[in-house]
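Structure below is structure.tsv: TSV, C-alpha atoms.
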```tsv
chain	number	residue	atom	x	y	z
A	1	MET	CA	-80.13	-25.39	90.24
A	2	GLN	CA	-83.75	-26.18	90.77
A	3	ARG	CA	-86.43	-24.98	93.09
A	4	GLN	CA	-89.53	-27.14	93.15
A	5	ASP	CA	-91.86	-24.75	94.98
A	6	SER	CA	-91.65	-20.98	94.80
A	7	GLN	CA	-93.57	-20.30	98.01
A	8	GLU	CA	-91.60	-18.86	100.91
A	9	ALA	CA	-91.53	-19.88	104.55
A	10	PRO	CA	-91.22	-17.25	107.29
A	11	LEU	CA	-87.69	-16.18	108.20
A	12	PHE	CA	-88.15	-14.56	111.61
A	13	GLY	CA	-91.82	-15.19	112.25
A	14	GLU	CA	-93.69	-13.18	109.63
A	15	ASP	CA	-96.93	-14.90	108.65
A	16	TYR	CA	-98.39	-15.57	105.22
A	17	ASP	CA	-101.83	-14.34	106.14
A	18	HIS	CA	-101.44	-10.94	107.77
A	19	ASN	CA	-105.11	-10.92	108.86
A	20	SER	CA	-104.72	-14.02	111.03
A	21	PRO	CA	-103.36	-13.74	114.58
A	22	ARG	CA	-99.65	-14.43	115.02
A	23	LYS	CA	-98.83	-17.99	116.00
A	24	SER	CA	-96.35	-17.76	118.84
A	25	ARG	CA	-96.47	-21.15	120.52
A	26	ILE	CA	-94.02	-23.92	119.65
A	27	LYS	CA	-95.76	-26.49	117.45
A	28	HIS	CA	-92.84	-28.94	117.26
A	29	PRO	CA	-91.12	-29.00	120.67
A	30	LEU	CA	-89.18	-32.22	119.99
A	31	ALA	CA	-87.78	-30.95	116.68
A	32	SER	CA	-86.94	-27.60	118.34
A	33	PHE	CA	-85.16	-29.41	121.17
A	34	PHE	CA	-83.00	-31.55	118.88
A	35	HIS	CA	-82.37	-28.59	116.58
A	36	LEU	CA	-80.50	-26.98	119.49
A	37	PHE	CA	-79.39	-30.06	121.47
A	38	PHE	CA	-76.76	-31.53	119.15
A	39	ARG	CA	-75.10	-28.22	118.31
A	40	THR	CA	-75.13	-27.01	121.93
A	41	SER	CA	-73.72	-30.35	123.13
A	42	ALA	CA	-70.89	-30.22	120.58
A	43	ILE	CA	-69.84	-26.73	121.72
A	44	LEU	CA	-70.09	-27.68	125.41
A	45	ILE	CA	-67.95	-30.78	124.91
A	46	TYR	CA	-65.39	-28.70	123.02
A	47	LEU	CA	-65.27	-26.06	125.76
A	48	LEU	CA	-65.21	-28.61	128.61
A	49	CYS	CA	-63.12	-31.32	126.94
A	50	ASP	CA	-60.26	-30.99	129.43
A	51	VAL	CA	-62.69	-31.49	132.33
A	52	ILE	CA	-64.67	-34.34	130.73
A	53	SER	CA	-61.78	-36.41	129.38
A	54	SER	CA	-58.06	-35.90	129.07
A	55	ARG	CA	-58.05	-37.92	125.85
A	56	PHE	CA	-58.17	-35.88	122.66
A	57	ILE	CA	-59.54	-38.73	120.52
A	58	VAL	CA	-62.56	-39.37	122.77
A	59	SER	CA	-63.57	-35.71	122.76
A	60	MET	CA	-62.93	-35.33	119.04
A	61	VAL	CA	-65.06	-38.39	118.14
A	62	ALA	CA	-67.88	-37.21	120.45
A	63	ILE	CA	-67.87	-33.73	118.87
A	64	ILE	CA	-67.81	-35.08	115.31
A	65	LEU	CA	-70.65	-37.52	116.06
A	66	LEU	CA	-72.76	-34.73	117.58
A	67	LEU	CA	-72.04	-32.44	114.62
A	68	SER	CA	-72.95	-35.20	112.16
A	69	CYS	CA	-76.21	-35.86	114.01
A	70	ASP	CA	-76.87	-32.12	114.02
A	71	PHE	CA	-76.21	-31.78	110.29
A	72	TRP	CA	-78.55	-34.66	109.44
A	73	THR	CA	-81.27	-33.52	111.89
A	74	VAL	CA	-81.28	-29.91	110.71
A	75	LYS	CA	-81.14	-30.83	107.02
A	76	ASN	CA	-83.74	-33.60	107.09
A	77	VAL	CA	-86.05	-33.02	110.05
A	78	SER	CA	-86.06	-29.64	111.78
A	79	GLY	CA	-85.90	-27.60	108.56
A	80	ARG	CA	-89.00	-29.32	107.22
A	81	LEU	CA	-90.97	-29.20	110.45
A	82	LEU	CA	-89.99	-25.80	111.85
A	83	VAL	CA	-89.90	-23.62	108.72
A	84	GLY	CA	-91.10	-25.83	105.86
A	85	LEU	CA	-87.80	-25.72	103.95
A	86	ARG	CA	-85.67	-28.52	102.54
A	87	TRP	CA	-82.55	-28.70	100.39
A	88	TRP	CA	-80.31	-31.38	98.96
A	89	ASN	CA	-77.82	-32.07	96.21
A	90	GLN	CA	-78.39	-34.73	93.58
A	91	VAL	CA	-76.09	-36.04	90.88
A	92	ASP	CA	-77.55	-36.78	87.44
A	93	LYS	CA	-76.53	-39.58	85.04
A	94	ASP	CA	-73.86	-37.40	83.43
A	95	GLY	CA	-72.22	-36.69	86.78
A	96	GLY	CA	-73.53	-33.13	87.02
A	97	SER	CA	-74.38	-31.84	90.45
A	98	HIS	CA	-77.76	-30.12	90.96
A	99	TRP	CA	-78.95	-28.31	94.07
A	100	VAL	CA	-82.64	-28.72	94.84
A	101	PHE	CA	-84.47	-26.26	97.11
A	102	GLU	CA	-88.04	-26.75	98.33
A	103	SER	CA	-90.42	-24.80	100.48
A	104	ARG	CA	-93.81	-25.90	101.77
A	105	LYS	CA	-96.85	-24.09	100.43
A	106	PRO	CA	-99.36	-22.78	102.96
A	107	THR	CA	-102.45	-24.97	103.11
A	108	HIS	CA	-105.64	-23.05	102.18
A	109	GLY	CA	-103.79	-19.74	102.48
A	110	VAL	CA	-102.92	-20.36	106.14
A	111	ASN	CA	-99.36	-20.47	107.37
A	112	THR	CA	-98.66	-23.87	108.96
A	113	THR	CA	-95.44	-22.83	110.73
A	114	SER	CA	-95.40	-20.93	114.00
A	115	SER	CA	-93.32	-17.81	114.55
A	116	ALA	CA	-91.76	-19.39	117.67
A	117	ASP	CA	-90.58	-22.42	115.67
A	118	SER	CA	-89.25	-20.13	112.98
A	119	ARG	CA	-87.32	-17.96	115.45
A	120	ILE	CA	-85.78	-21.00	117.16
A	121	PHE	CA	-84.75	-22.46	113.82
A	122	TRP	CA	-83.16	-19.33	112.35
A	123	LEU	CA	-81.48	-18.12	115.52
A	124	GLY	CA	-79.99	-21.57	116.11
A	125	LEU	CA	-78.91	-21.79	112.50
A	126	ILE	CA	-77.22	-18.37	112.55
A	127	VAL	CA	-75.72	-18.15	116.06
A	128	PHE	CA	-73.83	-21.47	116.19
A	129	PRO	CA	-71.80	-21.05	112.97
A	130	ILE	CA	-70.69	-17.66	114.29
A	131	LEU	CA	-69.62	-19.29	117.58
A	132	TRP	CA	-67.59	-21.93	115.71
A	133	PHE	CA	-66.03	-19.18	113.60
A	134	ILE	CA	-64.89	-17.45	116.80
A	135	LEU	CA	-63.59	-20.78	118.16
A	136	VAL	CA	-61.46	-21.23	115.01
A	137	PHE	CA	-59.60	-18.01	115.83
A	138	SER	CA	-59.45	-19.00	119.50
A	139	ALA	CA	-57.79	-22.30	118.55
A	140	ILE	CA	-55.31	-20.49	116.29
A	141	PHE	CA	-54.33	-17.82	118.82
A	142	SER	CA	-54.11	-20.27	121.74
A	143	PHE	CA	-51.97	-22.63	119.61
A	144	LYS	CA	-54.39	-25.58	119.95
A	145	ILE	CA	-53.41	-26.87	116.54
A	146	LYS	CA	-54.79	-30.38	117.11
A	147	TRP	CA	-58.23	-28.85	117.79
A	148	LEU	CA	-58.09	-26.69	114.69
A	149	VAL	CA	-59.22	-29.56	112.44
A	150	VAL	CA	-62.23	-30.22	114.68
A	151	VAL	CA	-63.38	-26.59	114.85
A	152	ILE	CA	-62.87	-26.09	111.10
A	153	MET	CA	-64.96	-29.22	110.40
A	154	ALA	CA	-67.63	-27.96	112.80
A	155	MET	CA	-67.67	-24.56	111.14
A	156	ILE	CA	-67.97	-26.10	107.66
A	157	LEU	CA	-70.89	-28.35	108.63
A	158	GLN	CA	-72.71	-25.48	110.38
A	159	TRP	CA	-72.14	-23.03	107.51
A	160	ALA	CA	-73.22	-25.61	104.91
A	161	ASN	CA	-76.64	-25.95	106.54
A	162	LEU	CA	-76.94	-22.18	106.95
A	163	TYR	CA	-76.04	-21.62	103.30
A	164	GLY	CA	-78.51	-24.28	102.11
A	165	TYR	CA	-81.39	-22.84	104.11
A	166	VAL	CA	-80.65	-19.24	103.17
A	167	ARG	CA	-80.69	-20.37	99.53
A	168	CYS	CA	-84.04	-22.08	100.19
A	169	LYS	CA	-85.40	-18.91	101.76
A	170	VAL	CA	-84.26	-16.41	99.14
A	171	GLY	CA	-84.81	-18.73	96.17
A	172	GLY	CA	-82.61	-21.38	94.66
A	173	LYS	CA	-81.92	-19.46	91.49
A	174	SER	CA	-81.35	-16.02	92.91
A	175	SER	CA	-77.83	-14.96	93.67
A	176	LEU	CA	-76.95	-14.16	97.26
A	177	ARG	CA	-74.47	-11.58	96.03
A	178	SER	CA	-77.13	-9.70	94.04
A	179	MET	CA	-79.47	-9.87	97.03
A	180	ALA	CA	-76.77	-8.38	99.27
A	181	LYS	CA	-76.11	-5.61	96.73
A	182	LYS	CA	-79.83	-4.75	96.62
A	183	TYR	CA	-80.02	-4.68	100.42
A	184	ILE	CA	-76.99	-2.38	100.70
A	185	GLY	CA	-78.39	-0.14	97.95
A	186	VAL	CA	-81.72	0.17	99.80
A	187	GLN	CA	-79.91	0.99	103.06
A	188	ILE	CA	-77.82	3.69	101.36
A	189	LEU	CA	-80.96	5.16	99.80
A	190	LYS	CA	-82.72	5.23	103.19
A	191	GLN	CA	-79.75	6.99	104.78
A	192	ALA	CA	-79.68	9.55	101.96
A	193	MET	CA	-83.42	10.16	102.37
A	194	LYS	CA	-83.00	10.70	106.13
A	195	LYS	CA	-80.19	13.18	105.59
A	196	GLY	CA	-82.26	14.97	102.96
A	197	GLU	CA	-85.22	15.28	105.36
A	198	GLY	CA	-82.99	16.52	108.20
A	199	GLN	CA	-81.73	19.52	106.18
```
Could I get this structure in the form of structure tokens?
Amino acid sequence: MQRQDSQEAPLFGEDYDHNSPRKSRIKHPLASFFHLFFRTSAILIYLLCDVISSRFIVSMVAIILLLSCDFWTVKNVSGRLLVGLRWWNQVDKDGGSHWVFESRKPTHGVNTTSSADSRIFWLGLIVFPILWFILVFSAIFSFKIKWLVVVIMAMILQWANLYGYVRCKVGGKSSLRSMAKKYIGVQILKQAMKKGEGQ
């Protein structure tokens, strides 16, 4: 695994330069729109497929096309513009697979991403995979077996982008499991400190 730049981009709007005023306006409205458009459209077509068309194939193809457009847009456009992150997988001459994670450095110590763009990016990236995860169970419990393949594919594409960008954010070489263990350890320590102060 490689990470070409070690600088971080903001996760939920924190700025690089804490002395500068927070940037809250949307700098890339078109990228923000398409970041949410394809994934929202795919879920709406899935939920309204019986109203839109009685044909399963038409709805399935429309959903898969929207999800493919979403995957490409998020991976190649909105990630770079909204939060300054990019990831991809490359195969070397020996057939080995290498994940590459990049993050944009701030220019002259100033953060070039806005907190509004960052919030839109991360909330869209986190909320929609959770919705598809819920729809997987909905398809199972309502016995919509033919739709199960579509919602599982949607969930995989959404989670793949989320995983790639979380790896970009926390660092390509750092383990997500060790990061989670550290976070849980800090939370347990905080709770112990609160209980100790309360006595």
Using all atoms listed in the file, I'd like a table of the residues in region 51-119 of chain A that come within 7 Å of region 27-32 of chain A; for each, show the closest atom pair and its distance in Å rounded to one decimal, ordered by chain and ascending number, as a tab-separated table.
```
residue	atom	partner	partner_atom	distance
A:Ser78	CA	A:Ala31	CA	5.4
A:Leu82	CA	A:His28	CA	6.9
A:Ser114	CA	A:Lys27	CA	6.6
A:Asp117	CA	A:Lys27	CA	6.8
```
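Put simply, CA of Ala42 (chain A) is 5.7 Å away from CA of Leu66 (chain A).
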*Excluding Gln158 (chain A) and any residue of its chain fewer than 6 positions from it, enumerate the residues within 12 Å of it, using all atoms listed in the file, and give them as number ranges by chain.*
A: 35, 38-40, 42-43, 64, 66-75, 124-133, 151-152, 164-165
Produce a file of the selected residues containing C-alpha atoms, as an mmCIF file, keeping the file's coordinate frame.
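Once written, selection-v7.cif looks like this:
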```
data_model
loop_
_atom_site.group_PDB
_atom_site.id
_atom_site.type_symbol
_atom_site.label_atom_id
_atom_site.label_comp_id
_atom_site.auth_asym_id
_atom_site.auth_seq_id
_atom_site.Cartn_x
_atom_site.Cartn_y
_atom_site.Cartn_z
ATOM 1 C CA HIS A 35 -82.370 -28.590 116.580
ATOM 2 C CA PHE A 38 -76.760 -31.530 119.150
ATOM 3 C CA ARG A 39 -75.100 -28.220 118.310
ATOM 4 C CA THR A 40 -75.130 -27.010 121.930
ATOM 5 C CA ALA A 42 -70.890 -30.220 120.580
ATOM 6 C CA ILE A 43 -69.840 -26.730 121.720
ATOM 7 C CA ILE A 64 -67.810 -35.080 115.310
ATOM 8 C CA LEU A 66 -72.760 -34.730 117.580
ATOM 9 C CA LEU A 67 -72.040 -32.440 114.620
ATOM 10 C CA SER A 68 -72.950 -35.200 112.160
ATOM 11 C CA CYS A 69 -76.210 -35.860 114.010
ATOM 12 C CA ASP A 70 -76.870 -32.120 114.020
ATOM 13 C CA PHE A 71 -76.210 -31.780 110.290
ATOM 14 C CA TRP A 72 -78.550 -34.660 109.440
ATOM 15 C CA THR A 73 -81.270 -33.520 111.890
ATOM 16 C CA VAL A 74 -81.280 -29.910 110.710
ATOM 17 C CA LYS A 75 -81.140 -30.830 107.020
ATOM 18 C CA GLY A 124 -79.990 -21.570 116.110
ATOM 19 C CA LEU A 125 -78.910 -21.790 112.500
ATOM 20 C CA ILE A 126 -77.220 -18.370 112.550
ATOM 21 C CA VAL A 127 -75.720 -18.150 116.060
ATOM 22 C CA PHE A 128 -73.830 -21.470 116.190
ATOM 23 C CA PRO A 129 -71.800 -21.050 112.970
ATOM 24 C CA ILE A 130 -70.690 -17.660 114.290
ATOM 25 C CA LEU A 131 -69.620 -19.290 117.580
ATOM 26 C CA TRP A 132 -67.590 -21.930 115.710
ATOM 27 C CA PHE A 133 -66.030 -19.180 113.600
ATOM 28 C CA VAL A 151 -63.380 -26.590 114.850
ATOM 29 C CA ILE A 152 -62.870 -26.090 111.100
ATOM 30 C CA GLY A 164 -78.510 -24.280 102.110
ATOM 31 C CA TYR A 165 -81.390 -22.840 104.110
#
```
*Return the single residue from A:Met153, A:Ala139, A:Val61, A:Val91 that is closest to Leu47 (chain A), with distances computed using all atoms listed in the file.*
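Of A:Met153, A:Ala139, A:Val61, A:Val91, the one nearest Leu47 (chain A), counting all atoms listed in the file, is A:Ala139.
Counting from CA of Val170 (chain A), the distance to CA of Asp92 (chain A) is 24.4 Å.
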*At most 12 Å from (-80.5, -23.8, 102.5), file frame, all atoms listed in the file: which residues, as a ChimeraX atom specification?*
/A:3,9,11,71,74-76,79-80,83-89,99-103,122,125-126,158-173,176
*Between CA of Arg104 (chain A) and CA of Ile26 (chain A), measure the distance and give it in Å to one decimal.*
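Between CA of Arg104 (chain A) and CA of Ile26 (chain A) the gap works out to 18.0 Å.
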